[in-house]
Each structure stands twice: as structure tokens, then as C-alpha cells.
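To be precise, the following lines are work_16.pdb, and they hold PDB, C-alpha atoms.
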ATOM      1  CA  MET A   1      33.730  45.192   8.993
ATOM      2  CA  LYS A   2      31.337  45.318   6.084
ATOM      3  CA  PRO A   3      28.762  48.136   6.282
ATOM      4  CA  SER A   4      25.226  47.003   7.016
ATOM      5  CA  LEU A   5      22.471  47.504   4.470
ATOM      6  CA  ASP A   6      20.840  50.135   6.697
ATOM      7  CA  SER A   7      24.031  52.204   6.871
ATOM      8  CA  VAL A   8      24.232  52.233   3.070
ATOM      9  CA  ILE A   9      20.556  52.988   2.428
ATOM     10  CA  ALA A  10      20.408  56.136   4.562
ATOM     11  CA  PRO A  11      23.140  58.248   2.858
ATOM     12  CA  ILE A  12      22.042  57.181  -0.621
ATOM     13  CA  PHE A  13      18.481  58.167   0.255
ATOM     14  CA  VAL A  14      19.596  61.608   1.508
ATOM     15  CA  LEU A  15      21.642  62.299  -1.635
ATOM     16  CA  ILE A  16      18.844  61.333  -4.022
ATOM     17  CA  TRP A  17      16.094  63.009  -1.974
ATOM     18  CA  SER A  18      18.061  66.278  -1.848
ATOM     19  CA  THR A  19      18.138  66.507  -5.639
ATOM     20  CA  GLY A  20      14.359  66.998  -5.681
ATOM     21  CA  PHE A  21      14.724  70.666  -4.783
ATOM     22  CA  VAL A  22      17.398  71.167  -7.445
ATOM     23  CA  ILE A  23      15.167  69.467 -10.023
ATOM     24  CA  ALA A  24      12.297  71.793  -9.138
ATOM     25  CA  ARG A  25      14.478  74.822  -9.782
ATOM     26  CA  LEU A  26      15.763  73.329 -13.034
ATOM     27  CA  ALA A  27      12.362  72.551 -14.569
ATOM     28  CA  MET A  28      10.073  75.192 -13.097
ATOM     29  CA  PRO A  29      10.671  77.928 -15.729
ATOM     30  CA  TYR A  30       9.392  75.661 -18.505
ATOM     31  CA  VAL A  31       6.353  73.843 -17.101
ATOM     32  CA  GLU A  32       3.557  74.287 -14.577
ATOM     33  CA  PRO A  33       3.818  72.168 -11.400
ATOM     34  CA  ALA A  34       0.838  69.805 -11.712
ATOM     35  CA  THR A  35       1.596  69.230 -15.401
ATOM     36  CA  PHE A  36       5.162  68.172 -14.634
ATOM     37  CA  LEU A  37       4.049  66.006 -11.712
ATOM     38  CA  PHE A  38       1.401  64.301 -13.862
ATOM     39  CA  TRP A  39       4.005  63.276 -16.465
ATOM     40  CA  ARG A  40       6.348  62.242 -13.683
ATOM     41  CA  PHE A  41       3.763  59.970 -12.066
ATOM     42  CA  ALA A  42       2.668  58.623 -15.460
ATOM     43  CA  GLY A  43       6.286  57.752 -16.222
ATOM     44  CA  VAL A  44       6.612  55.890 -12.944
ATOM     45  CA  LEU A  45       3.447  53.910 -13.708
ATOM     46  CA  ALA A  46       4.834  52.968 -17.127
ATOM     47  CA  ALA A  47       8.064  51.784 -15.493
ATOM     48  CA  MET A  48       6.117  49.773 -12.912
ATOM     49  CA  ALA A  49       4.035  48.181 -15.709
ATOM     50  CA  ALA A  50       7.228  47.134 -17.479
ATOM     51  CA  LEU A  51       8.633  45.654 -14.265
ATOM     52  CA  SER A  52       5.416  43.690 -13.742
ATOM     53  CA  LEU A  53       6.120  41.837 -16.993
ATOM     54  CA  ILE A  54       9.442  40.657 -15.585
ATOM     55  CA  TRP A  55       8.695  40.179 -11.890
ATOM     56  CA  ARG A  56       5.375  39.036 -10.566
ATOM     57  CA  ILE A  57       3.729  41.684  -8.391
ATOM     58  CA  THR A  58       1.922  40.605  -5.234
ATOM     59  CA  TRP A  59      -1.117  42.851  -4.901
ATOM     60  CA  PRO A  60      -2.416  43.618  -1.400
ATOM     61  CA  SER A  61      -5.948  43.122  -0.155
ATOM     62  CA  TRP A  62      -8.554  45.811  -0.838
ATOM     63  CA  PRO A  63      -8.445  47.275   2.717
ATOM     64  CA  GLN A  64      -4.646  47.522   2.564
ATOM     65  CA  MET A  65      -4.831  49.052  -0.921
ATOM     66  CA  THR A  66      -7.037  51.770   0.554
ATOM     67  CA  HIS A  67      -4.492  52.508   3.271
ATOM     68  CA  ILE A  68      -1.654  52.538   0.729
ATOM     69  CA  ALA A  69      -3.630  54.954  -1.448
ATOM     70  CA  VAL A  70      -4.245  57.317   1.484
ATOM     71  CA  ALA A  71      -0.553  57.242   2.425
ATOM     72  CA  GLY A  72       0.359  57.864  -1.219
ATOM     73  CA  THR A  73      -1.968  60.836  -1.464
ATOM     74  CA  LEU A  74      -0.064  62.399   1.429
ATOM     75  CA  LEU A  75       3.479  61.239   0.609
ATOM     76  CA  GLN A  76       3.333  61.837  -3.143
ATOM     77  CA  PHE A  77       0.584  64.239  -4.166
ATOM     78  CA  GLY A  78       0.340  66.397  -1.031
ATOM     79  CA  TYR A  79       4.083  66.671  -0.430
ATOM     80  CA  LEU A  80       5.232  67.228  -4.018
ATOM     81  CA  PHE A  81       2.276  69.420  -4.923
ATOM     82  CA  GLY A  82       3.093  71.708  -1.998
ATOM     83  CA  VAL A  83       6.828  71.874  -2.699
ATOM     84  CA  TRP A  84       6.533  72.489  -6.438
ATOM     85  CA  PHE A  85       3.808  75.096  -6.134
ATOM     86  CA  ALA A  86       5.719  76.922  -3.387
ATOM     87  CA  VAL A  87       8.734  77.149  -5.716
ATOM     88  CA  HIS A  88       6.456  78.100  -8.611
ATOM     89  CA  LEU A  89       5.070  81.045  -6.632
ATOM     90  CA  GLY A  90       8.522  82.376  -5.776
ATOM     91  CA  MET A  91       9.876  80.529  -2.752
ATOM     92  CA  THR A  92      13.508  79.480  -3.060
ATOM     93  CA  ALA A  93      14.388  75.804  -2.964
ATOM     94  CA  GLY A  94      16.444  76.300   0.189
ATOM     95  CA  LEU A  95      13.575  77.861   2.095
ATOM     96  CA  VAL A  96      11.219  75.060   1.077
ATOM     97  CA  ALA A  97      13.869  72.627   2.302
ATOM     98  CA  ILE A  98      14.062  74.228   5.752
ATOM     99  CA  ILE A  99      10.290  74.239   6.190
ATOM    100  CA  VAL A 100       9.998  70.593   5.163
ATOM    101  CA  GLY A 101      13.055  69.963   7.350
ATOM    102  CA  LEU A 102      10.859  70.605  10.381
ATOM    103  CA  GLN A 103       9.255  67.210   9.752
ATOM    104  CA  PRO A 104      11.290  65.303  12.374
ATOM    105  CA  ILE A 105      10.054  67.686  15.072
ATOM    106  CA  LEU A 106       6.425  67.089  14.085
ATOM    107  CA  THR A 107       7.030  63.371  13.719
ATOM    108  CA  ALA A 108       8.412  63.215  17.257
ATOM    109  CA  TRP A 109       5.396  65.113  18.584
ATOM    110  CA  PHE A 110       3.013  62.657  16.964
ATOM    111  CA  ALA A 111       5.166  59.541  17.453
ATOM    112  CA  ALA A 112       2.798  58.183  20.107
ATOM    113  CA  TRP A 113       0.299  57.706  17.283
ATOM    114  CA  VAL A 114       2.346  54.727  16.114
ATOM    115  CA  SER A 115       3.227  53.566  19.649
ATOM    116  CA  GLU A 116       6.811  54.796  19.588
ATOM    117  CA  GLN A 117       8.759  56.256  22.505
ATOM    118  CA  VAL A 118      10.904  59.353  21.973
ATOM    119  CA  SER A 119      13.785  59.471  24.439
ATOM    120  CA  PRO A 120      15.342  62.658  25.893
ATOM    121  CA  ARG A 121      18.466  61.987  23.852
ATOM    122  CA  GLN A 122      16.392  61.913  20.674
ATOM    123  CA  TRP A 123      14.729  65.204  21.629
ATOM    124  CA  ILE A 124      18.189  66.760  22.040
ATOM    125  CA  GLY A 125      19.168  65.393  18.632
ATOM    126  CA  LEU A 126      16.034  66.836  17.073
ATOM    127  CA  GLY A 127      16.924  70.223  18.574
ATOM    128  CA  PHE A 128      20.453  70.057  17.149
ATOM    129  CA  GLY A 129      19.018  69.185  13.771
ATOM    130  CA  PHE A 130      16.603  72.104  13.798
ATOM    131  CA  ALA A 131      19.380  74.522  14.830
ATOM    132  CA  GLY A 132      21.662  73.260  12.067
ATOM    133  CA  VAL A 133      19.005  73.569   9.382
ATOM    134  CA  ALA A 134      18.133  77.071  10.609
ATOM    135  CA  LEU A 135      21.776  78.186  10.392
ATOM    136  CA  VAL A 136      22.071  76.939   6.819
ATOM    137  CA  VAL A 137      18.973  78.803   5.704
ATOM    138  CA  MET A 138      19.703  82.000   7.677
ATOM    139  CA  ALA A 139      23.029  82.253   5.875
ATOM    140  CA  LYS A 140      21.559  81.564   2.463
ATOM    141  CA  ILE A 141      17.969  82.745   2.147
ATOM    142  CA  SER A 142      16.348  86.162   1.947
ATOM    143  CA  PHE A 143      12.787  86.136   3.258
ATOM    144  CA  ALA A 144      11.728  89.199   1.245
ATOM    145  CA  HIS A 145       9.253  89.202  -1.644
ATOM    146  CA  ILE A 146       7.862  85.719  -0.998
ATOM    147  CA  PRO A 147       4.043  85.563  -1.131
ATOM    148  CA  LEU A 148       2.076  84.171   1.791
ATOM    149  CA  ALA A 149       0.618  81.431  -0.440
ATOM    150  CA  SER A 150       4.114  79.968  -0.833
ATOM    151  CA  TYR A 151       4.435  79.560   2.922
ATOM    152  CA  VAL A 152       0.989  77.954   3.113
ATOM    153  CA  LEU A 153       1.882  75.475   0.361
ATOM    154  CA  ALA A 154       5.226  74.653   1.987
ATOM    155  CA  MET A 155       3.406  73.971   5.262
ATOM    156  CA  ILE A 156       0.957  71.723   3.394
ATOM    157  CA  ALA A 157       3.950  69.802   2.048
ATOM    158  CA  LEU A 158       5.404  69.526   5.563
ATOM    159  CA  LEU A 159       2.172  68.236   7.086
ATOM    160  CA  SER A 160       1.577  65.848   4.176
ATOM    161  CA  ILE A 161       4.933  64.089   4.388
ATOM    162  CA  THR A 162       4.773  63.994   8.209
ATOM    163  CA  PHE A 163       1.346  62.402   8.449
ATOM    164  CA  GLY A 164       1.948  60.290   5.343
ATOM    165  CA  THR A 165       4.984  58.705   6.998
ATOM    166  CA  LEU A 166       3.129  58.096  10.254
ATOM    167  CA  TYR A 167       0.016  56.783   8.500
ATOM    168  CA  GLN A 168       1.986  54.314   6.411
ATOM    169  CA  LYS A 169       3.980  53.171   9.428
ATOM    170  CA  LYS A 170       0.783  52.547  11.395
ATOM    171  CA  TYR A 171      -1.567  51.049   8.804
ATOM    172  CA  CYS A 172       0.494  49.603   5.937
ATOM    173  CA  PRO A 173       4.186  49.264   6.844
ATOM    174  CA  VAL A 174       4.758  46.118   4.765
ATOM    175  CA  PHE A 175       3.731  45.574   1.150
ATOM    176  CA  ASP A 176       5.166  44.738  -2.261
ATOM    177  CA  LEU A 177       7.083  47.890  -3.194
ATOM    178  CA  ARG A 178       6.105  47.601  -6.864
ATOM    179  CA  ALA A 179       2.429  47.199  -6.054
ATOM    180  CA  GLY A 180       2.531  49.970  -3.459
ATOM    181  CA  SER A 181       4.325  52.359  -5.800
ATOM    182  CA  SER A 182       1.831  51.645  -8.572
ATOM    183  CA  ILE A 183      -1.097  52.376  -6.265
ATOM    184  CA  GLN A 184       0.365  55.523  -4.767
ATOM    185  CA  PHE A 185       1.636  57.043  -7.986
ATOM    186  CA  GLY A 186      -1.575  56.054  -9.776
ATOM    187  CA  VAL A 187      -3.751  57.928  -7.281
ATOM    188  CA  SER A 188      -1.383  60.910  -7.390
ATOM    189  CA  ALA A 189      -1.387  60.953 -11.211
ATOM    190  CA  ILE A 190      -5.193  61.099 -11.242
ATOM    191  CA  LEU A 191      -5.232  63.990  -8.756
ATOM    192  CA  CYS A 192      -2.587  65.897 -10.725
ATOM    193  CA  PHE A 193      -4.472  65.338 -13.985
ATOM    194  CA  ILE A 194      -7.664  66.725 -12.462
ATOM    195  CA  TYR A 195      -5.867  69.852 -11.249
ATOM    196  CA  MET A 196      -3.991  70.221 -14.555
ATOM    197  CA  TYR A 197      -7.194  69.868 -16.575
ATOM    198  CA  PHE A 198      -9.122  72.534 -14.676
ATOM    199  CA  PHE A 199      -6.434  74.991 -13.553
ATOM    200  CA  GLU A 200      -3.383  74.711 -15.832
ATOM    201  CA  SER A 201      -2.643  74.984 -19.544
ATOM    202  CA  GLY A 202      -0.939  71.580 -19.746
ATOM    203  CA  VAL A 203       1.859  73.075 -21.841
ATOM    204  CA  MET A 204       5.317  71.605 -21.329
ATOM    205  CA  VAL A 205       8.442  72.947 -23.077
ATOM    206  CA  TRP A 206      10.374  69.828 -24.076
ATOM    207  CA  ASN A 207      13.957  71.030 -23.765
ATOM    208  CA  ALA A 208      17.047  69.379 -22.277
ATOM    209  CA  SER A 209      16.378  70.771 -18.791
ATOM    210  CA  VAL A 210      12.805  69.490 -18.645
ATOM    211  CA  ILE A 211      13.594  66.094 -20.175
ATOM    212  CA  GLY A 212      16.552  65.604 -17.846
ATOM    213  CA  ALA A 213      14.501  66.692 -14.836
ATOM    214  CA  LEU A 214      11.655  64.372 -15.832
ATOM    215  CA  LEU A 215      13.875  61.311 -16.308
ATOM    216  CA  TRP A 216      15.673  61.953 -13.033
ATOM    217  CA  SER A 217      12.357  62.484 -11.247
ATOM    218  CA  ILE A 218      10.902  59.231 -12.597
ATOM    219  CA  PHE A 219      13.766  56.859 -11.920
ATOM    220  CA  PRO A 220      16.188  57.909  -9.145
ATOM    221  CA  LEU A 221      13.743  60.178  -7.296
ATOM    222  CA  SER A 222      10.332  58.530  -7.580
ATOM    223  CA  ILE A 223      11.319  54.886  -7.913
ATOM    224  CA  GLY A 224      14.703  54.907  -6.189
ATOM    225  CA  SER A 225      14.313  57.239  -3.221
ATOM    226  CA  ILE A 226      10.705  56.319  -2.450
ATOM    227  CA  SER A 227      11.599  52.618  -2.421
ATOM    228  CA  LEU A 228      14.456  53.400  -0.021
ATOM    229  CA  LEU A 229      12.100  55.474   2.154
ATOM    230  CA  PHE A 230       9.581  52.619   2.283
ATOM    231  CA  MET A 231      12.365  50.212   3.262
ATOM    232  CA  MET A 232      13.479  52.556   6.037
ATOM    233  CA  ILE A 233       9.906  52.973   7.308
ATOM    234  CA  ARG A 234       9.515  49.186   7.399
ATOM    235  CA  LYS A 235      12.796  48.574   9.215
ATOM    236  CA  GLY A 236      12.956  51.470  11.681
ATOM    237  CA  ALA A 237      10.974  53.741  13.978
ATOM    238  CA  ALA A 238       9.322  56.662  12.228
ATOM    239  CA  THR A 239      11.162  59.309  14.281
ATOM    240  CA  LYS A 240      14.537  57.787  13.423
ATOM    241  CA  VAL A 241      13.661  57.488   9.739
ATOM    242  CA  THR A 242      12.586  61.087   9.340
ATOM    243  CA  SER A 243      15.610  62.413  11.241
ATOM    244  CA  PHE A 244      17.656  61.664   8.128
ATOM    245  CA  LEU A 245      15.664  64.358   6.332
ATOM    246  CA  TYR A 246      17.512  66.915   8.468
ATOM    247  CA  LEU A 247      20.462  66.330   6.147
ATOM    248  CA  THR A 248      18.461  67.405   3.103
ATOM    249  CA  PRO A 249      18.746  71.235   3.386
ATOM    250  CA  PRO A 250      22.539  71.337   3.896
ATOM    251  CA  THR A 251      23.006  68.709   1.197
ATOM    252  CA  THR A 252      20.812  70.791  -1.110
ATOM    253  CA  ALA A 253      22.945  73.851  -0.288
ATOM    254  CA  LEU A 254      26.089  71.957  -1.296
ATOM    255  CA  MET A 255      24.472  70.852  -4.547
ATOM    256  CA  ALA A 256      23.335  74.403  -5.311
ATOM    257  CA  TRP A 257      26.871  75.660  -4.665
ATOM    258  CA  PHE A 258      28.318  73.078  -7.045
ATOM    259  CA  LEU A 259      25.683  73.308  -9.794
ATOM    260  CA  PHE A 260      24.594  76.955  -9.669
ATOM    261  CA  GLY A 261      27.521  78.705  -7.992
ATOM    262  CA  GLU A 262      25.515  79.687  -4.919
ATOM    263  CA  PRO A 263      27.757  80.606  -1.941
ATOM    264  CA  PHE A 264      28.441  78.080   0.811
ATOM    265  CA  THR A 265      29.625  79.992   3.867
ATOM    266  CA  LEU A 266      31.252  79.072   7.166
ATOM    267  CA  MET A 267      27.869  79.413   8.901
ATOM    268  CA  MET A 268      26.409  76.913   6.437
ATOM    269  CA  ALA A 269      29.246  74.516   7.212
ATOM    270  CA  LEU A 270      28.550  74.938  10.941
ATOM    271  CA  GLY A 271      24.879  74.243  10.314
ATOM    272  CA  LEU A 272      25.786  71.094   8.404
ATOM    273  CA  GLY A 273      27.871  69.926  11.372
ATOM    274  CA  LEU A 274      25.032  70.547  13.827
ATOM    275  CA  THR A 275      22.592  68.737  11.569
ATOM    276  CA  MET A 276      24.805  65.675  11.298
ATOM    277  CA  THR A 277      25.233  65.694  15.091
ATOM    278  CA  GLY A 278      21.458  65.765  15.514
ATOM    279  CA  VAL A 279      20.977  62.815  13.181
ATOM    280  CA  VAL A 280      23.594  60.791  15.070
ATOM    281  CA  LEU A 281      21.903  61.550  18.415
ATOM    282  CA  VAL A 282      18.437  60.624  17.149
ATOM    283  CA  ASN A 283      19.647  57.380  15.607
ATOM    284  CA  THR A 284      21.967  56.222  18.394
ATOM    285  CA  ARG A 285      20.811  52.912  19.849
ATOM    286  CA  GLN A 286      18.696  53.544  22.924
ATOM    287  CA  ALA A 287      18.471  51.413  26.048
ATOM    288  CA  ASN A 288      14.732  51.805  26.023
ATOM    289  CA  ARG A 289      12.862  49.556  23.651
ATOM    290  CA  ILE A 290      11.140  51.372  20.821
ATOM    291  CA  ALA A 291       7.846  49.735  20.018
ATOM    292  CA  THR A 292       7.301  49.152  16.315
ATOM    293  CA  ILE A 293       4.598  47.445  14.350
ATOM    294  CA  ALA A 294       5.511  43.825  13.752
ATOM    295  CA  GLU A 295       6.216  42.882  10.157
TER     296      GLU A 295
END

File written out as C-alpha cells:
Amino acid sequence: MKPSLDSVIAPIFVLIWSTGFVIARLAMPYVEPATFLFWRFAGVLAAMAALSLIWRITWPSWPQMTHIAVAGTLLQFGYLFGVWFAVHLGMTAGLVAIIVGLQPILTAWFAAWVSEQVSPRQWIGLGFGFAGVALVVMAKISFAHIPLASYVLAMIALLSITFGTLYQKKYCPVFDLRAGSSIQFGVSAILCFIYMYFFESGVMVWNASVIGALLWSIFPLSIGSISLLFMMIRKGAATKVTSFLYLTPPTTALMAWFLFGEPFTLMMALGLGLTMTGVVLVNTRQANRIATIAE
């Protein structure tokens, strides 16, 4: 049997999405967060402008553009701003990953907002996922010497991506991906520029690490993974979509072990197994019909 498109999209999305935490660690010593994010968003806009010369973009109506912009402010600016500043202030990438990994729990709590039903089996899967992520981080992360502001920023990132996903699912689940990306990254670039102008130096050390991180952030991360996320939001229930993010912390731990020589222990492996079990439970076909917004 040939794998379905959905079964291919999900693992690719997890792999690409997980690199975001590694990229933050790679670039952070050489550039301030909002400055890097501004150049990242500007690069995405340039790529979208080039694509518009080849493929005609279908722009949404003004009311839908407003909804797309609000979702983008949460999904792009709020989420990335929180993650990068938390790392900048001293939080490890793994700890940011576990905090953001709580998103499926919050999404399930607020799923009624988009008229979805969360079954008992999905709740059990969400619990397995949380336990697995917790095991990975407990084995890897020291909670000492991390300022309170880092936790606040990580929570802002968590809330932003949670409500951004739900908002987009409810108000603008279907749109031209190129137009939507241009709107969302454009709004986020403006917000980052404002913060950079008033609160940062704007200095960026152009070395191999920063250039590599920037190129990866523009193309596979911003254009690739976000397009895959939008496709998943359009095709599936929000709770099921976000359950895949449970795989991000253990995947990040594996990447850190391979790239930076960080240890990957038996407890981390057990956590990875629990996380994968949770994702399977959440995404198993349910007898009950899950209400979704018609495309």
C-alpha cells in the first residue's frame, strides 16, 4: 500500500519543526532575538514575492486577511518571540521544548471553541504524551539558574501557538498558502522591526552559523514547516494536529545528541516511546464524529 499524503506530512513536519530549537541555540550567541527574527521574516517575504512572479497568488478578502493577520501574530510573532527570548535569557532549548510541548493539553481543553469533541481515548493519549515529554526533560534538563522571565516568555510562546492554531482553525482554515504566509510573516516582520528599533542594537554577526541558521529558518522552517502545519490544520481536527508536537522535544533531544554530543539516556528513550504512544492514541480513528469547519 502506498502511504497517504497525511502520513507523509506529519513526520516531515515533526523533523523540520524540531530543528527550530537547535537553530536557536546555534544562532543565539551572535545576534539578538528580534533582529534575527526580523531578517528571517524579511527573507520569507522576499521568497514569497519571487514565487508570486511565477505562480499567481489568490488574495483573500479584507475580513479574512484580518483573521489571517491575527493568527499570524500569534503563530509567528508571539510563538517565536517567546521561544527565542526565553533561550536568549538562559533557558535551554530542551526546557523550552517541554513547555511548548504542553500545547496539546491546552488545545484539548479549548477544543470546544472550534466545535470539536475530545474523546476519552484522546485524553489518555494526551496524558501519555505529557508523561513522555516530562521524562525526556527530567533526564536532560537542570532547572537551576534560569530567570523567571524565561519561564514567562516560554509560557507566552505556549499560549500564542495554542490560541493561534485554534483561531486559524475557527476563522480562516482555508486560504492560499502563499498569500497567507505573506500576510502573516509581513505582520510579524513589522512587529519585530518595531521591537528591534526601540530595544535592540540591530547588530548581527554574519558568520557561517548565523547565515546557515538564517537560510534554514527562512526556507525549511518558515516556508516548509508552516505550510505543512497549515495543511494539517485544514485537513484535521486541531487536537489531532497539535498532538504531533509531542514528538518535538524527544526529536530535539536526539538532534542535540547527534549535533552537540548531549547525552541521550534510557529514560529519554522511554519518554520517546511514551510520547509516540500518546500521538498514536490521539490520532487513532474514533467512532465518534469530530466536527470540523467545512472547507

Atomic distance atom CA of Ser217 of chain A - atom CA of Arg40 of chain A, expressed in Å with one decimal: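 Separation of atom CA of Ser217 of chain A and atom CA of Arg40 of chain A: 6.5 Å.
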
Residues of segment 195-281 of chain A at most 12 Å from segment 81-92 of chain A: nearest atom pair and distance in Å, only C-alpha atoms, as JSON lines:
{"residue": "A:Tyr195", "atom": "CA", "partner": "A:Phe81", "partner_atom": "CA", "distance": 10.3}
{"residue": "A:Met196", "atom": "CA", "partner": "A:Phe81", "partner_atom": "CA", "distance": 11.5}
{"residue": "A:Pro249", "atom": "CA", "partner": "A:Thr92", "partner_atom": "CA", "distance": 11.7}
{"residue": "A:Thr252", "atom": "CA", "partner": "A:Thr92", "partner_atom": "CA", "distance": 11.5}
{"residue": "A:Ala253", "atom": "CA", "partner": "A:Thr92", "partner_atom": "CA", "distance": 11.3}
{"residue": "A:Ala256", "atom": "CA", "partner": "A:Thr92", "partner_atom": "CA", "distance": 11.3}

Near segment 227-231 of chain A, 12 Å: segment 28-145 of chain A residue rows, closest pairs, all atoms listed in the file, as a Markdown table:
| residue | atom | partner | partner_atom | distance |
| --- | --- | --- | --- | --- |
| A:Ile68 | CA | A:Phe230 | CA | 11.3 |
| A:Ala71 | CA | A:Phe230 | CA | 11.1 |
| A:Gly72 | CA | A:Phe230 | CA | 11.2 |
| A:Leu75 | CA | A:Leu229 | CA | 10.5 |

With the PyMOL selection byres ((chain A and resi 52-67) around 12) as the selection, what would be picked from this file? Answer as a PDB file with C-alpha atoms, in the coordinates of the input, please.
ATOM      1  CA  LEU A  45       3.447  53.910 -13.708  1.00  0.00           C
ATOM      2  CA  ALA A  46       4.834  52.968 -17.127  1.00  0.00           C
ATOM      3  CA  ALA A  47       8.064  51.784 -15.493  1.00  0.00           C
ATOM      4  CA  MET A  48       6.117  49.773 -12.912  1.00  0.00           C
ATOM      5  CA  ALA A  49       4.035  48.181 -15.709  1.00  0.00           C
ATOM      6  CA  ALA A  50       7.228  47.134 -17.479  1.00  0.00           C
ATOM      7  CA  LEU A  51       8.633  45.654 -14.265  1.00  0.00           C
ATOM      8  CA  ILE A  68      -1.654  52.538   0.729  1.00  0.00           C
ATOM      9  CA  ALA A  69      -3.630  54.954  -1.448  1.00  0.00           C
ATOM     10  CA  VAL A  70      -4.245  57.317   1.484  1.00  0.00           C
ATOM     11  CA  ALA A  71      -0.553  57.242   2.425  1.00  0.00           C
ATOM     12  CA  GLY A  72       0.359  57.864  -1.219  1.00  0.00           C
ATOM     13  CA  THR A  73      -1.968  60.836  -1.464  1.00  0.00           C
ATOM     14  CA  LEU A  74      -0.064  62.399   1.429  1.00  0.00           C
ATOM     15  CA  GLY A 164       1.948  60.290   5.343  1.00  0.00           C
ATOM     16  CA  THR A 165       4.984  58.705   6.998  1.00  0.00           C
ATOM     17  CA  LEU A 166       3.129  58.096  10.254  1.00  0.00           C
ATOM     18  CA  TYR A 167       0.016  56.783   8.500  1.00  0.00           C
ATOM     19  CA  GLN A 168       1.986  54.314   6.411  1.00  0.00           C
ATOM     20  CA  LYS A 169       3.980  53.171   9.428  1.00  0.00           C
ATOM     21  CA  LYS A 170       0.783  52.547  11.395  1.00  0.00           C
ATOM     22  CA  TYR A 171      -1.567  51.049   8.804  1.00  0.00           C
ATOM     23  CA  CYS A 172       0.494  49.603   5.937  1.00  0.00           C
ATOM     24  CA  PRO A 173       4.186  49.264   6.844  1.00  0.00           C
ATOM     25  CA  VAL A 174       4.758  46.118   4.765  1.00  0.00           C
ATOM     26  CA  PHE A 175       3.731  45.574   1.150  1.00  0.00           C
ATOM     27  CA  ASP A 176       5.166  44.738  -2.261  1.00  0.00           C
ATOM     28  CA  LEU A 177       7.083  47.890  -3.194  1.00  0.00           C
ATOM     29  CA  ARG A 178       6.105  47.601  -6.864  1.00  0.00           C
ATOM     30  CA  ALA A 179       2.429  47.199  -6.054  1.00  0.00           C
ATOM     31  CA  GLY A 180       2.531  49.970  -3.459  1.00  0.00           C
ATOM     32  CA  SER A 181       4.325  52.359  -5.800  1.00  0.00           C
ATOM     33  CA  SER A 182       1.831  51.645  -8.572  1.00  0.00           C
ATOM     34  CA  ILE A 183      -1.097  52.376  -6.265  1.00  0.00           C
ATOM     35  CA  GLN A 184       0.365  55.523  -4.767  1.00  0.00           C
ATOM     36  CA  GLY A 186      -1.575  56.054  -9.776  1.00  0.00           C
ATOM     37  CA  VAL A 187      -3.751  57.928  -7.281  1.00  0.00           C
TER      38      VAL A 187
END

Separation of atom CA of Gly20 of chain A from atom CA of Gln76 of chain A in Å: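 According to the coordinates, atom CA of Gln76 of chain A and atom CA of Gly20 of chain A are separated by 12.4 Å.
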
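Here the question is which of A:Ile9, A:Leu191, A:Leu266, A:Val210 gets nearest to Ala24 of chain A using only C-alpha atoms, and that residue is A:Val210.
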